[in-house]
$ cat my_file_17.cif   # mmCIF, N, CA, C and O atoms and all ligand atoms
data_start
loop_
_atom_site.label_atom_id
_atom_site.label_comp_id
_atom_site.auth_asym_id
_atom_site.auth_seq_id
_atom_site.Cartn_x
_atom_site.Cartn_y
_atom_site.Cartn_z
N MET F 26 42.54 -53.32 -161.22
CA MET F 26 42.42 -53.89 -159.87
C MET F 26 43.66 -54.74 -159.59
O MET F 26 44.01 -55.63 -160.36
N ALA F 27 44.32 -54.46 -158.49
CA ALA F 27 45.54 -55.18 -158.15
C ALA F 27 45.23 -56.46 -157.37
O ALA F 27 44.19 -56.56 -156.71
N VAL F 28 46.14 -57.41 -157.48
CA VAL F 28 46.02 -58.64 -156.70
C VAL F 28 46.50 -58.34 -155.29
O VAL F 28 47.61 -57.82 -155.10
N THR F 29 45.70 -58.64 -154.31
CA THR F 29 46.02 -58.30 -152.92
C THR F 29 47.06 -59.26 -152.34
O THR F 29 47.24 -60.38 -152.82
N GLU F 30 47.73 -58.79 -151.30
CA GLU F 30 48.69 -59.66 -150.60
C GLU F 30 47.98 -60.86 -150.01
O GLU F 30 48.53 -61.97 -149.96
N GLU F 31 46.76 -60.66 -149.55
CA GLU F 31 45.99 -61.77 -148.97
C GLU F 31 45.76 -62.85 -150.04
O GLU F 31 45.91 -64.04 -149.78
N ALA F 32 45.41 -62.39 -151.24
CA ALA F 32 45.18 -63.36 -152.32
C ALA F 32 46.47 -64.09 -152.68
O ALA F 32 46.47 -65.30 -152.92
N ARG F 33 47.59 -63.35 -152.71
CA ARG F 33 48.87 -63.99 -153.02
C ARG F 33 49.22 -65.03 -151.94
O ARG F 33 49.72 -66.12 -152.24
N THR F 34 48.99 -64.68 -150.70
CA THR F 34 49.28 -65.62 -149.61
C THR F 34 48.45 -66.88 -149.75
O THR F 34 48.93 -68.00 -149.56
N LYS F 35 47.19 -66.70 -150.11
CA LYS F 35 46.32 -67.87 -150.29
C LYS F 35 46.82 -68.74 -151.44
O LYS F 35 46.82 -69.98 -151.34
N LEU F 36 47.24 -68.11 -152.53
CA LEU F 36 47.75 -68.88 -153.67
C LEU F 36 48.96 -69.72 -153.26
O LEU F 36 49.05 -70.90 -153.60
N TYR F 37 49.89 -69.09 -152.54
CA TYR F 37 51.10 -69.82 -152.12
C TYR F 37 50.75 -70.92 -151.12
O TYR F 37 51.35 -72.00 -151.14
N THR F 38 49.82 -70.64 -150.23
CA THR F 38 49.41 -71.66 -149.25
C THR F 38 48.90 -72.90 -149.95
O THR F 38 49.28 -74.03 -149.64
N CYS F 39 48.06 -72.70 -150.94
CA CYS F 39 47.49 -73.84 -151.67
C CYS F 39 48.54 -74.49 -152.58
O CYS F 39 48.61 -75.72 -152.67
N ALA F 40 49.36 -73.67 -153.22
CA ALA F 40 50.36 -74.22 -154.15
C ALA F 40 51.31 -75.18 -153.45
O ALA F 40 51.78 -76.15 -154.07
N PHE F 41 51.60 -74.92 -152.18
CA PHE F 41 52.56 -75.77 -151.46
C PHE F 41 51.89 -76.68 -150.44
O PHE F 41 52.55 -77.28 -149.61
N CYS F 42 50.58 -76.78 -150.53
CA CYS F 42 49.82 -77.71 -149.67
C CYS F 42 49.84 -79.08 -150.35
O CYS F 42 49.71 -79.18 -151.57
N PRO F 43 50.02 -80.15 -149.58
CA PRO F 43 50.05 -81.49 -150.18
C PRO F 43 48.64 -82.03 -150.50
O PRO F 43 48.37 -83.20 -150.30
N ASN F 44 47.80 -81.15 -151.00
CA ASN F 44 46.46 -81.56 -151.42
C ASN F 44 45.72 -82.35 -150.35
O ASN F 44 45.24 -83.47 -150.60
N ILE F 45 45.64 -81.78 -149.18
CA ILE F 45 44.95 -82.45 -148.08
C ILE F 45 43.48 -82.68 -148.41
O ILE F 45 42.85 -83.60 -147.87
N CYS F 46 42.96 -81.89 -149.32
CA CYS F 46 41.55 -82.02 -149.71
C CYS F 46 41.33 -83.16 -150.70
O CYS F 46 40.20 -83.43 -151.11
N ARG F 47 42.39 -83.84 -151.09
CA ARG F 47 42.29 -84.85 -152.15
C ARG F 47 41.18 -85.88 -151.91
O ARG F 47 40.53 -86.31 -152.86
N PRO F 48 40.92 -86.33 -150.67
CA PRO F 48 39.84 -87.31 -150.50
C PRO F 48 38.47 -86.81 -150.96
O PRO F 48 37.55 -87.62 -151.14
N SER F 49 38.35 -85.51 -151.18
CA SER F 49 37.05 -85.00 -151.65
C SER F 49 36.89 -85.19 -153.15
O SER F 49 35.79 -85.03 -153.69
N TYR F 50 37.98 -85.56 -153.85
CA TYR F 50 37.86 -85.77 -155.30
C TYR F 50 37.39 -87.21 -155.52
O TYR F 50 37.98 -88.14 -154.99
N PRO F 51 36.37 -87.39 -156.32
CA PRO F 51 35.92 -88.77 -156.60
C PRO F 51 37.06 -89.60 -157.17
O PRO F 51 37.71 -89.19 -158.12
N ALA F 52 37.31 -90.77 -156.57
CA ALA F 52 38.48 -91.58 -156.92
C ALA F 52 38.52 -91.97 -158.39
O ALA F 52 39.59 -92.06 -158.98
N GLN F 53 37.37 -92.22 -158.98
CA GLN F 53 37.37 -92.72 -160.37
C GLN F 53 37.33 -91.60 -161.40
O GLN F 53 37.38 -91.86 -162.59
N ASP F 54 37.29 -90.36 -160.97
CA ASP F 54 37.15 -89.25 -161.91
C ASP F 54 38.50 -88.74 -162.40
O ASP F 54 39.51 -88.89 -161.72
N PRO F 55 38.48 -88.08 -163.56
CA PRO F 55 39.74 -87.52 -164.07
C PRO F 55 40.27 -86.38 -163.21
O PRO F 55 41.37 -85.91 -163.43
N VAL F 56 39.49 -85.97 -162.19
CA VAL F 56 39.99 -84.90 -161.32
C VAL F 56 41.19 -85.35 -160.50
O VAL F 56 41.82 -84.55 -159.84
N GLN F 57 41.51 -86.65 -160.57
CA GLN F 57 42.71 -87.13 -159.88
C GLN F 57 43.98 -86.77 -160.65
O GLN F 57 45.08 -87.01 -160.18
N ILE F 58 43.82 -86.21 -161.83
CA ILE F 58 44.98 -85.81 -162.62
C ILE F 58 45.75 -84.74 -161.87
O ILE F 58 45.19 -83.71 -161.47
N GLU F 59 47.04 -84.97 -161.66
CA GLU F 59 47.84 -84.12 -160.78
C GLU F 59 47.89 -82.66 -161.23
O GLU F 59 47.85 -81.74 -160.43
N SER F 60 47.94 -82.47 -162.55
CA SER F 60 48.04 -81.10 -163.06
C SER F 60 46.76 -80.31 -162.90
O SER F 60 46.72 -79.12 -163.21
N GLN F 61 45.70 -80.98 -162.43
CA GLN F 61 44.42 -80.28 -162.26
C GLN F 61 44.02 -80.14 -160.80
O GLN F 61 42.89 -79.76 -160.50
N THR F 62 44.92 -80.46 -159.90
CA THR F 62 44.61 -80.30 -158.48
C THR F 62 44.57 -78.80 -158.14
O THR F 62 45.13 -77.97 -158.86
N PRO F 63 43.92 -78.45 -157.04
CA PRO F 63 43.93 -77.04 -156.63
C PRO F 63 45.35 -76.50 -156.49
O PRO F 63 45.64 -75.38 -156.90
N SER F 64 46.25 -77.31 -155.94
CA SER F 64 47.64 -76.87 -155.78
C SER F 64 48.27 -76.56 -157.13
O SER F 64 48.96 -75.53 -157.28
N ALA F 65 48.06 -77.42 -158.10
CA ALA F 65 48.66 -77.19 -159.42
C ALA F 65 48.10 -75.92 -160.06
O ALA F 65 48.84 -75.13 -160.65
N LEU F 66 46.80 -75.72 -159.94
CA LEU F 66 46.19 -74.52 -160.53
C LEU F 66 46.71 -73.26 -159.85
O LEU F 66 46.95 -72.24 -160.51
N CYS F 67 46.91 -73.33 -158.55
CA CYS F 67 47.46 -72.16 -157.84
C CYS F 67 48.91 -71.91 -158.25
O CYS F 67 49.32 -70.76 -158.43
N LEU F 68 49.68 -72.98 -158.40
CA LEU F 68 51.07 -72.81 -158.83
C LEU F 68 51.14 -72.18 -160.22
O LEU F 68 51.96 -71.28 -160.47
N LEU F 69 50.29 -72.62 -161.12
CA LEU F 69 50.25 -72.04 -162.46
C LEU F 69 49.82 -70.57 -162.41
O LEU F 69 50.35 -69.73 -163.15
N THR F 70 48.90 -70.26 -161.54
CA THR F 70 48.44 -68.87 -161.42
C THR F 70 49.55 -67.98 -160.87
O THR F 70 49.69 -66.83 -161.29
N ILE F 71 50.33 -68.51 -159.96
CA ILE F 71 51.50 -67.76 -159.47
C ILE F 71 52.46 -67.49 -160.63
O ILE F 71 53.00 -66.38 -160.75
N ALA F 72 52.65 -68.48 -161.49
CA ALA F 72 53.53 -68.30 -162.65
C ALA F 72 52.99 -67.20 -163.57
O ALA F 72 53.75 -66.42 -164.13
N VAL F 73 51.68 -67.13 -163.70
CA VAL F 73 51.08 -66.05 -164.50
C VAL F 73 51.35 -64.70 -163.83
O VAL F 73 51.75 -63.74 -164.50
N LEU F 74 51.16 -64.64 -162.52
CA LEU F 74 51.40 -63.38 -161.81
C LEU F 74 52.85 -62.93 -161.95
O LEU F 74 53.13 -61.74 -162.05
N LYS F 75 53.75 -63.88 -161.94
CA LYS F 75 55.18 -63.56 -162.05
C LYS F 75 55.63 -63.42 -163.50
O LYS F 75 56.82 -63.26 -163.76
N LYS F 76 54.67 -63.50 -164.41
CA LYS F 76 54.94 -63.38 -165.85
C LYS F 76 55.91 -64.44 -166.35
O LYS F 76 56.65 -64.24 -167.32
N GLN F 77 55.90 -65.58 -165.69
CA GLN F 77 56.69 -66.73 -166.14
C GLN F 77 55.88 -67.56 -167.13
O GLN F 77 56.42 -68.45 -167.79
N LEU F 78 54.60 -67.27 -167.17
CA LEU F 78 53.68 -67.98 -168.05
C LEU F 78 52.74 -66.93 -168.63
O LEU F 78 52.25 -66.06 -167.88
N PRO F 79 52.51 -66.95 -169.96
CA PRO F 79 51.62 -65.93 -170.54
C PRO F 79 50.17 -66.14 -170.10
O PRO F 79 49.74 -67.28 -169.91
N HIS F 80 49.48 -65.06 -169.91
CA HIS F 80 48.06 -65.16 -169.58
C HIS F 80 47.29 -65.13 -170.90
O HIS F 80 46.65 -64.14 -171.25
N ASP F 81 47.36 -66.25 -171.62
CA ASP F 81 46.73 -66.31 -172.93
C ASP F 81 45.65 -67.41 -172.94
O ASP F 81 45.34 -68.00 -171.89
N ASP F 82 45.13 -67.67 -174.11
CA ASP F 82 44.03 -68.65 -174.21
C ASP F 82 44.48 -70.04 -173.77
O ASP F 82 43.70 -70.76 -173.13
N ALA F 83 45.70 -70.43 -174.09
CA ALA F 83 46.18 -71.75 -173.72
C ALA F 83 46.26 -71.89 -172.19
O ALA F 83 45.84 -72.89 -171.61
N THR F 84 46.77 -70.85 -171.56
CA THR F 84 46.87 -70.88 -170.09
C THR F 84 45.48 -70.87 -169.47
O THR F 84 45.20 -71.62 -168.53
N ASN F 85 44.61 -70.02 -170.01
CA ASN F 85 43.25 -69.98 -169.47
C ASN F 85 42.55 -71.33 -169.63
O ASN F 85 41.77 -71.73 -168.75
N SER F 86 42.85 -72.02 -170.72
CA SER F 86 42.24 -73.33 -170.94
C SER F 86 42.67 -74.31 -169.85
O SER F 86 41.85 -75.05 -169.29
N VAL F 87 43.96 -74.29 -169.54
CA VAL F 87 44.47 -75.19 -168.48
C VAL F 87 43.86 -74.80 -167.13
O VAL F 87 43.43 -75.66 -166.36
N LEU F 88 43.80 -73.51 -166.89
CA LEU F 88 43.29 -73.04 -165.59
C LEU F 88 41.77 -73.19 -165.46
O LEU F 88 41.23 -72.98 -164.38
N SER F 89 41.12 -73.54 -166.56
CA SER F 89 39.67 -73.72 -166.49
C SER F 89 39.29 -75.14 -166.10
O SER F 89 38.11 -75.44 -165.90
N ARG F 90 40.26 -76.02 -165.96
CA ARG F 90 39.97 -77.41 -165.57
C ARG F 90 39.79 -77.43 -164.06
O ARG F 90 40.74 -77.69 -163.30
N ARG F 91 38.59 -77.14 -163.64
CA ARG F 91 38.32 -76.85 -162.23
C ARG F 91 37.64 -77.97 -161.45
O ARG F 91 37.22 -77.75 -160.32
N ALA F 92 37.48 -79.15 -162.05
CA ALA F 92 36.70 -80.18 -161.36
C ALA F 92 37.24 -80.48 -159.96
O ALA F 92 36.46 -80.56 -158.99
N ALA F 93 38.54 -80.62 -159.83
CA ALA F 93 39.11 -80.93 -158.52
C ALA F 93 38.98 -79.72 -157.59
O ALA F 93 38.67 -79.87 -156.40
N ALA F 94 39.22 -78.54 -158.13
CA ALA F 94 39.13 -77.34 -157.29
C ALA F 94 37.69 -77.15 -156.80
O ALA F 94 37.46 -76.79 -155.63
N ILE F 95 36.74 -77.42 -157.67
CA ILE F 95 35.33 -77.29 -157.25
C ILE F 95 35.00 -78.34 -156.19
O ILE F 95 34.32 -78.06 -155.21
N ALA F 96 35.53 -79.56 -156.39
CA ALA F 96 35.28 -80.62 -155.40
C ALA F 96 35.90 -80.28 -154.05
O ALA F 96 35.43 -80.75 -153.01
N SER F 97 36.94 -79.46 -154.06
CA SER F 97 37.62 -79.13 -152.80
C SER F 97 36.83 -78.14 -151.94
O SER F 97 37.12 -78.00 -150.75
N ARG F 98 35.86 -77.47 -152.55
CA ARG F 98 35.07 -76.50 -151.77
C ARG F 98 34.43 -77.20 -150.57
O ARG F 98 33.81 -78.25 -150.70
N GLY F 99 34.62 -76.60 -149.42
CA GLY F 99 34.06 -77.18 -148.20
C GLY F 99 34.96 -78.24 -147.59
O GLY F 99 34.66 -78.77 -146.52
N HIS F 100 36.07 -78.57 -148.27
CA HIS F 100 37.00 -79.58 -147.76
C HIS F 100 38.41 -79.04 -147.57
O HIS F 100 39.31 -79.78 -147.20
N CYS F 101 38.60 -77.76 -147.88
CA CYS F 101 39.92 -77.16 -147.71
C CYS F 101 40.19 -76.96 -146.22
O CYS F 101 39.37 -76.36 -145.51
N VAL F 102 41.34 -77.45 -145.76
CA VAL F 102 41.66 -77.36 -144.33
C VAL F 102 41.87 -75.90 -143.90
O VAL F 102 41.81 -75.60 -142.71
N TYR F 103 42.10 -75.03 -144.87
CA TYR F 103 42.27 -73.61 -144.57
C TYR F 103 40.99 -72.82 -144.82
O TYR F 103 40.99 -71.59 -144.70
N GLY F 104 39.95 -73.51 -145.19
CA GLY F 104 38.66 -72.85 -145.43
C GLY F 104 38.62 -71.99 -146.67
O GLY F 104 37.79 -71.08 -146.77
N MET F 105 39.51 -72.27 -147.62
CA MET F 105 39.56 -71.44 -148.81
C MET F 105 38.65 -71.96 -149.92
O MET F 105 38.41 -73.17 -150.03
N ASP F 106 38.17 -71.03 -150.72
CA ASP F 106 37.38 -71.34 -151.91
C ASP F 106 38.31 -71.09 -153.10
O ASP F 106 38.43 -69.96 -153.57
N ILE F 107 38.98 -72.12 -153.56
CA ILE F 107 40.01 -71.95 -154.58
C ILE F 107 39.45 -71.49 -155.93
O ILE F 107 40.04 -70.60 -156.56
N PRO F 108 38.34 -72.04 -156.41
CA PRO F 108 37.81 -71.52 -157.68
C PRO F 108 37.54 -70.02 -157.62
O PRO F 108 37.86 -69.28 -158.56
N ALA F 109 36.98 -69.54 -156.52
CA ALA F 109 36.72 -68.11 -156.39
C ALA F 109 38.02 -67.32 -156.33
O ALA F 109 38.13 -66.24 -156.93
N LEU F 110 39.00 -67.87 -155.64
CA LEU F 110 40.31 -67.21 -155.56
C LEU F 110 40.94 -67.10 -156.95
O LEU F 110 41.43 -66.03 -157.34
N LEU F 111 40.92 -68.19 -157.70
CA LEU F 111 41.50 -68.17 -159.05
C LEU F 111 40.77 -67.16 -159.92
O LEU F 111 41.40 -66.39 -160.66
N ASP F 112 39.46 -67.14 -159.84
CA ASP F 112 38.69 -66.17 -160.64
C ASP F 112 39.08 -64.74 -160.28
O ASP F 112 39.28 -63.91 -161.17
N ASP F 113 39.18 -64.45 -159.01
CA ASP F 113 39.50 -63.08 -158.57
C ASP F 113 40.90 -62.67 -159.04
O ASP F 113 41.10 -61.56 -159.55
N VAL F 114 41.86 -63.58 -158.86
CA VAL F 114 43.24 -63.25 -159.22
C VAL F 114 43.39 -63.09 -160.74
O VAL F 114 44.00 -62.14 -161.22
N LEU F 115 42.80 -64.00 -161.48
CA LEU F 115 42.93 -63.94 -162.95
C LEU F 115 42.21 -62.72 -163.52
O LEU F 115 42.67 -62.12 -164.49
N ALA F 116 41.10 -62.35 -162.89
CA ALA F 116 40.37 -61.16 -163.35
C ALA F 116 41.21 -59.90 -163.13
O ALA F 116 41.08 -58.92 -163.87
N ALA F 117 42.04 -59.94 -162.10
CA ALA F 117 42.88 -58.78 -161.78
C ALA F 117 44.22 -58.80 -162.52
O ALA F 117 45.02 -57.90 -162.38
N THR F 118 44.43 -59.84 -163.31
CA THR F 118 45.69 -59.99 -164.04
C THR F 118 45.44 -59.77 -165.52
O THR F 118 44.59 -60.44 -166.10
N GLU F 119 46.14 -58.86 -166.10
CA GLU F 119 45.91 -58.55 -167.52
C GLU F 119 46.17 -59.76 -168.38
O GLU F 119 47.15 -60.47 -168.20
N ALA F 120 45.28 -59.98 -169.35
CA ALA F 120 45.46 -61.07 -170.30
C ALA F 120 46.45 -60.65 -171.38
O ALA F 120 46.68 -59.50 -171.60
S1 LIG V 201 42.24 -76.39 -151.49
FE1 LIG V 201 43.01 -76.26 -149.37
S2 LIG V 201 43.37 -78.39 -148.73
FE2 LIG V 201 43.18 -78.36 -150.97
S3 LIG V 201 45.27 -78.23 -151.75
FE3 LIG V 201 44.47 -76.12 -151.60
S4 LIG V 201 45.08 -75.40 -149.53
FE4 LIG V 201 45.30 -77.63 -149.56
#
$ encode --input "my_file_17.cif" --output "structure tokens"
Amino acid sequence: MAVTEEARTKLYTCAFCPNICRPSYPAQDPVQIESQTPSALCLLTIAVLKKQLPHDDATNSVLSRRAAAIASRGHCVYGMDIPALLDDVLAATEA
């Protein structure tokens, strides 16, 4: 299954978005960690697609830190469901 252009566009949109959904992350939670924001996870997934980063267990471990992405559901200004997008793209990308 190939990654669609629509999915790629969504990844880039989120990767370069200034985390407008950030107020949805609980202030005291570790989801404020920058490397775990939806934007960071999308940027890492783009690196996997471009084969700049291996799609291995270490990468999957980083990409599984979804607390902020899950918190963003319903708060994305573009109406995107980032956890579902990441799941779809990674499933279509060979490990
Ligand atoms: S989930 Fe939506 S609002 Fe949040 S960083 Fe990504 S594109 Fe921006």
$ residues_near_ligand --input "my_file_17.cif" --ligand "ligand LIG 201 (chain V)" --cutoff "9 Å" --atoms "only C-alpha atoms and all ligand atoms" --output "count of residues only"
31
$ atom_distance --input "my_file_17.cif" --atom1 "atom N of Lys75 of chain F" --atom2 "atom O of Ser49 of chain F"
28.9 Å
$ closest_residue --input "my_file_17.cif" --among "F:Leu68, F:Leu115, F:Ile58, F:Leu78" --to "Met26 of chain F" --atoms "only C-alpha atoms"
F:Leu115
$ select_by_dssp --input "my_file_17.cif" --residues "segment 37-113 of chain F" --states "alpha helix (DSSP H)" --output "PyMOL selection string"
chain F and resi 37-40+63-74+82-88+92-97+107-113
$ atom_distance --input "my_file_17.cif" --atom1 "atom N of Thr70 of chain F" --atom2 "atom CA of Glu119 of chain F"
13.5 Å
$ atom_distance --input "my_file_17.cif" --atom1 "atom CA of Ala116 of chain F" --atom2 "atom CA of Pro48 of chain F"
29.1 Å
$ residues_around --input "my_file_17.cif" --residues "Ala92 of chain F" --least-positions-apart "2" --cutoff "10 Å" --atoms "only C-alpha atoms" --output "PyMOL selection string"
chain F and resi 50-51+54-57+61-63+89-90+94-97+108
$ write_last_selection --input "my_file_17.cif" --atoms "N, CA, C and O atoms" --output "PDB file, keeping the file's coordinate frame"
ATOM      1  N   TYR F  50      37.980 -85.560-153.850  1.00  0.00           N
ATOM      2  CA  TYR F  50      37.860 -85.770-155.300  1.00  0.00           C
ATOM      3  C   TYR F  50      37.390 -87.210-155.520  1.00  0.00           C
ATOM      4  O   TYR F  50      37.980 -88.140-154.990  1.00  0.00           O
ATOM      5  N   PRO F  51      36.370 -87.390-156.320  1.00  0.00           N
ATOM      6  CA  PRO F  51      35.920 -88.770-156.600  1.00  0.00           C
ATOM      7  C   PRO F  51      37.060 -89.600-157.170  1.00  0.00           C
ATOM      8  O   PRO F  51      37.710 -89.190-158.120  1.00  0.00           O
ATOM      9  N   ASP F  54      37.290 -90.360-160.970  1.00  0.00           N
ATOM     10  CA  ASP F  54      37.150 -89.250-161.910  1.00  0.00           C
ATOM     11  C   ASP F  54      38.500 -88.740-162.400  1.00  0.00           C
ATOM     12  O   ASP F  54      39.510 -88.890-161.720  1.00  0.00           O
ATOM     13  N   PRO F  55      38.480 -88.080-163.560  1.00  0.00           N
ATOM     14  CA  PRO F  55      39.740 -87.520-164.070  1.00  0.00           C
ATOM     15  C   PRO F  55      40.270 -86.380-163.210  1.00  0.00           C
ATOM     16  O   PRO F  55      41.370 -85.910-163.430  1.00  0.00           O
ATOM     17  N   VAL F  56      39.490 -85.970-162.190  1.00  0.00           N
ATOM     18  CA  VAL F  56      39.990 -84.900-161.320  1.00  0.00           C
ATOM     19  C   VAL F  56      41.190 -85.350-160.500  1.00  0.00           C
ATOM     20  O   VAL F  56      41.820 -84.550-159.840  1.00  0.00           O
ATOM     21  N   GLN F  57      41.510 -86.650-160.570  1.00  0.00           N
ATOM     22  CA  GLN F  57      42.710 -87.130-159.880  1.00  0.00           C
ATOM     23  C   GLN F  57      43.980 -86.770-160.650  1.00  0.00           C
ATOM     24  O   GLN F  57      45.080 -87.010-160.180  1.00  0.00           O
ATOM     25  N   GLN F  61      45.700 -80.980-162.430  1.00  0.00           N
ATOM     26  CA  GLN F  61      44.420 -80.280-162.260  1.00  0.00           C
ATOM     27  C   GLN F  61      44.020 -80.140-160.800  1.00  0.00           C
ATOM     28  O   GLN F  61      42.890 -79.760-160.500  1.00  0.00           O
ATOM     29  N   THR F  62      44.920 -80.460-159.900  1.00  0.00           N
ATOM     30  CA  THR F  62      44.610 -80.300-158.480  1.00  0.00           C
ATOM     31  C   THR F  62      44.570 -78.800-158.140  1.00  0.00           C
ATOM     32  O   THR F  62      45.130 -77.970-158.860  1.00  0.00           O
ATOM     33  N   PRO F  63      43.920 -78.450-157.040  1.00  0.00           N
ATOM     34  CA  PRO F  63      43.930 -77.040-156.630  1.00  0.00           C
ATOM     35  C   PRO F  63      45.350 -76.500-156.490  1.00  0.00           C
ATOM     36  O   PRO F  63      45.640 -75.380-156.900  1.00  0.00           O
ATOM     37  N   SER F  89      41.120 -73.540-166.560  1.00  0.00           N
ATOM     38  CA  SER F  89      39.670 -73.720-166.490  1.00  0.00           C
ATOM     39  C   SER F  89      39.290 -75.140-166.100  1.00  0.00           C
ATOM     40  O   SER F  89      38.110 -75.440-165.900  1.00  0.00           O
ATOM     41  N   ARG F  90      40.260 -76.020-165.960  1.00  0.00           N
ATOM     42  CA  ARG F  90      39.970 -77.410-165.570  1.00  0.00           C
ATOM     43  C   ARG F  90      39.790 -77.430-164.060  1.00  0.00           C
ATOM     44  O   ARG F  90      40.740 -77.690-163.300  1.00  0.00           O
ATOM     45  N   ALA F  94      39.220 -78.540-158.130  1.00  0.00           N
ATOM     46  CA  ALA F  94      39.130 -77.340-157.290  1.00  0.00           C
ATOM     47  C   ALA F  94      37.690 -77.150-156.800  1.00  0.00           C
ATOM     48  O   ALA F  94      37.460 -76.790-155.630  1.00  0.00           O
ATOM     49  N   ILE F  95      36.740 -77.420-157.670  1.00  0.00           N
ATOM     50  CA  ILE F  95      35.330 -77.290-157.250  1.00  0.00           C
ATOM     51  C   ILE F  95      35.000 -78.340-156.190  1.00  0.00           C
ATOM     52  O   ILE F  95      34.320 -78.060-155.210  1.00  0.00           O
ATOM     53  N   ALA F  96      35.530 -79.560-156.390  1.00  0.00           N
ATOM     54  CA  ALA F  96      35.280 -80.620-155.400  1.00  0.00           C
ATOM     55  C   ALA F  96      35.900 -80.280-154.050  1.00  0.00           C
ATOM     56  O   ALA F  96      35.430 -80.750-153.010  1.00  0.00           O
ATOM     57  N   SER F  97      36.940 -79.460-154.060  1.00  0.00           N
ATOM     58  CA  SER F  97      37.620 -79.130-152.800  1.00  0.00           C
ATOM     59  C   SER F  97      36.830 -78.140-151.940  1.00  0.00           C
ATOM     60  O   SER F  97      37.120 -78.000-150.750  1.00  0.00           O
ATOM     61  N   PRO F 108      38.340 -72.040-156.410  1.00  0.00           N
ATOM     62  CA  PRO F 108      37.810 -71.520-157.680  1.00  0.00           C
ATOM     63  C   PRO F 108      37.540 -70.020-157.620  1.00  0.00           C
ATOM     64  O   PRO F 108      37.860 -69.280-158.560  1.00  0.00           O
TER      65      PRO F 108
END
$ closest_residue --input "my_file_17.cif" --among "F:Gln53, F:Arg91, F:Arg33, F:Leu74" --to "Thr118 of chain F" --atoms "only N, CA, C and O atoms"
F:Leu74
$ decode --input "my_file_17.cif" --residues "segment 47-74 of chain F" --atoms "C-alpha atoms" --output "PDB file, in the first residue's frame"
ATOM      1  CA  ARG F  47      -0.572  23.203  21.902  1.00  0.00           C
ATOM      2  CA  PRO F  48      -3.139  24.660  24.366  1.00  0.00           C
ATOM      3  CA  SER F  49      -4.883  21.284  24.237  1.00  0.00           C
ATOM      4  CA  TYR F  50      -1.867  19.618  25.876  1.00  0.00           C
ATOM      5  CA  PRO F  51      -2.124  19.605  29.671  1.00  0.00           C
ATOM      6  CA  ALA F  52       0.443  22.174  30.870  1.00  0.00           C
ATOM      7  CA  GLN F  53       1.905  19.995  33.613  1.00  0.00           C
ATOM      8  CA  ASP F  54       2.221  16.830  31.531  1.00  0.00           C
ATOM      9  CA  PRO F  55       5.314  15.514  29.774  1.00  0.00           C
ATOM     10  CA  VAL F  56       3.409  15.971  26.507  1.00  0.00           C
ATOM     11  CA  GLN F  57       4.912  19.465  26.488  1.00  0.00           C
ATOM     12  CA  ILE F  58       8.187  17.851  25.441  1.00  0.00           C
ATOM     13  CA  GLU F  59       8.988  19.398  22.065  1.00  0.00           C
ATOM     14  CA  SER F  60      10.143  16.179  20.426  1.00  0.00           C
ATOM     15  CA  GLN F  61       6.747  14.626  21.135  1.00  0.00           C
ATOM     16  CA  THR F  62       4.533  17.291  19.610  1.00  0.00           C
ATOM     17  CA  PRO F  63       2.392  16.352  16.602  1.00  0.00           C
ATOM     18  CA  SER F  64       4.675  18.490  14.440  1.00  0.00           C
ATOM     19  CA  ALA F  65       7.788  16.656  15.621  1.00  0.00           C
ATOM     20  CA  LEU F  66       6.213  13.244  15.044  1.00  0.00           C
ATOM     21  CA  CYS F  67       5.167  14.270  11.533  1.00  0.00           C
ATOM     22  CA  LEU F  68       8.645  15.591  10.771  1.00  0.00           C
ATOM     23  CA  LEU F  69      10.185  12.307  11.922  1.00  0.00           C
ATOM     24  CA  THR F  70       7.693  10.360   9.821  1.00  0.00           C
ATOM     25  CA  ILE F  71       8.667  12.412   6.775  1.00  0.00           C
ATOM     26  CA  ALA F  72      12.291  11.472   7.490  1.00  0.00           C
ATOM     27  CA  VAL F  73      11.251   7.814   7.531  1.00  0.00           C
ATOM     28  CA  LEU F  74       9.437   8.227   4.207  1.00  0.00           C
TER      29      LEU F  74
END
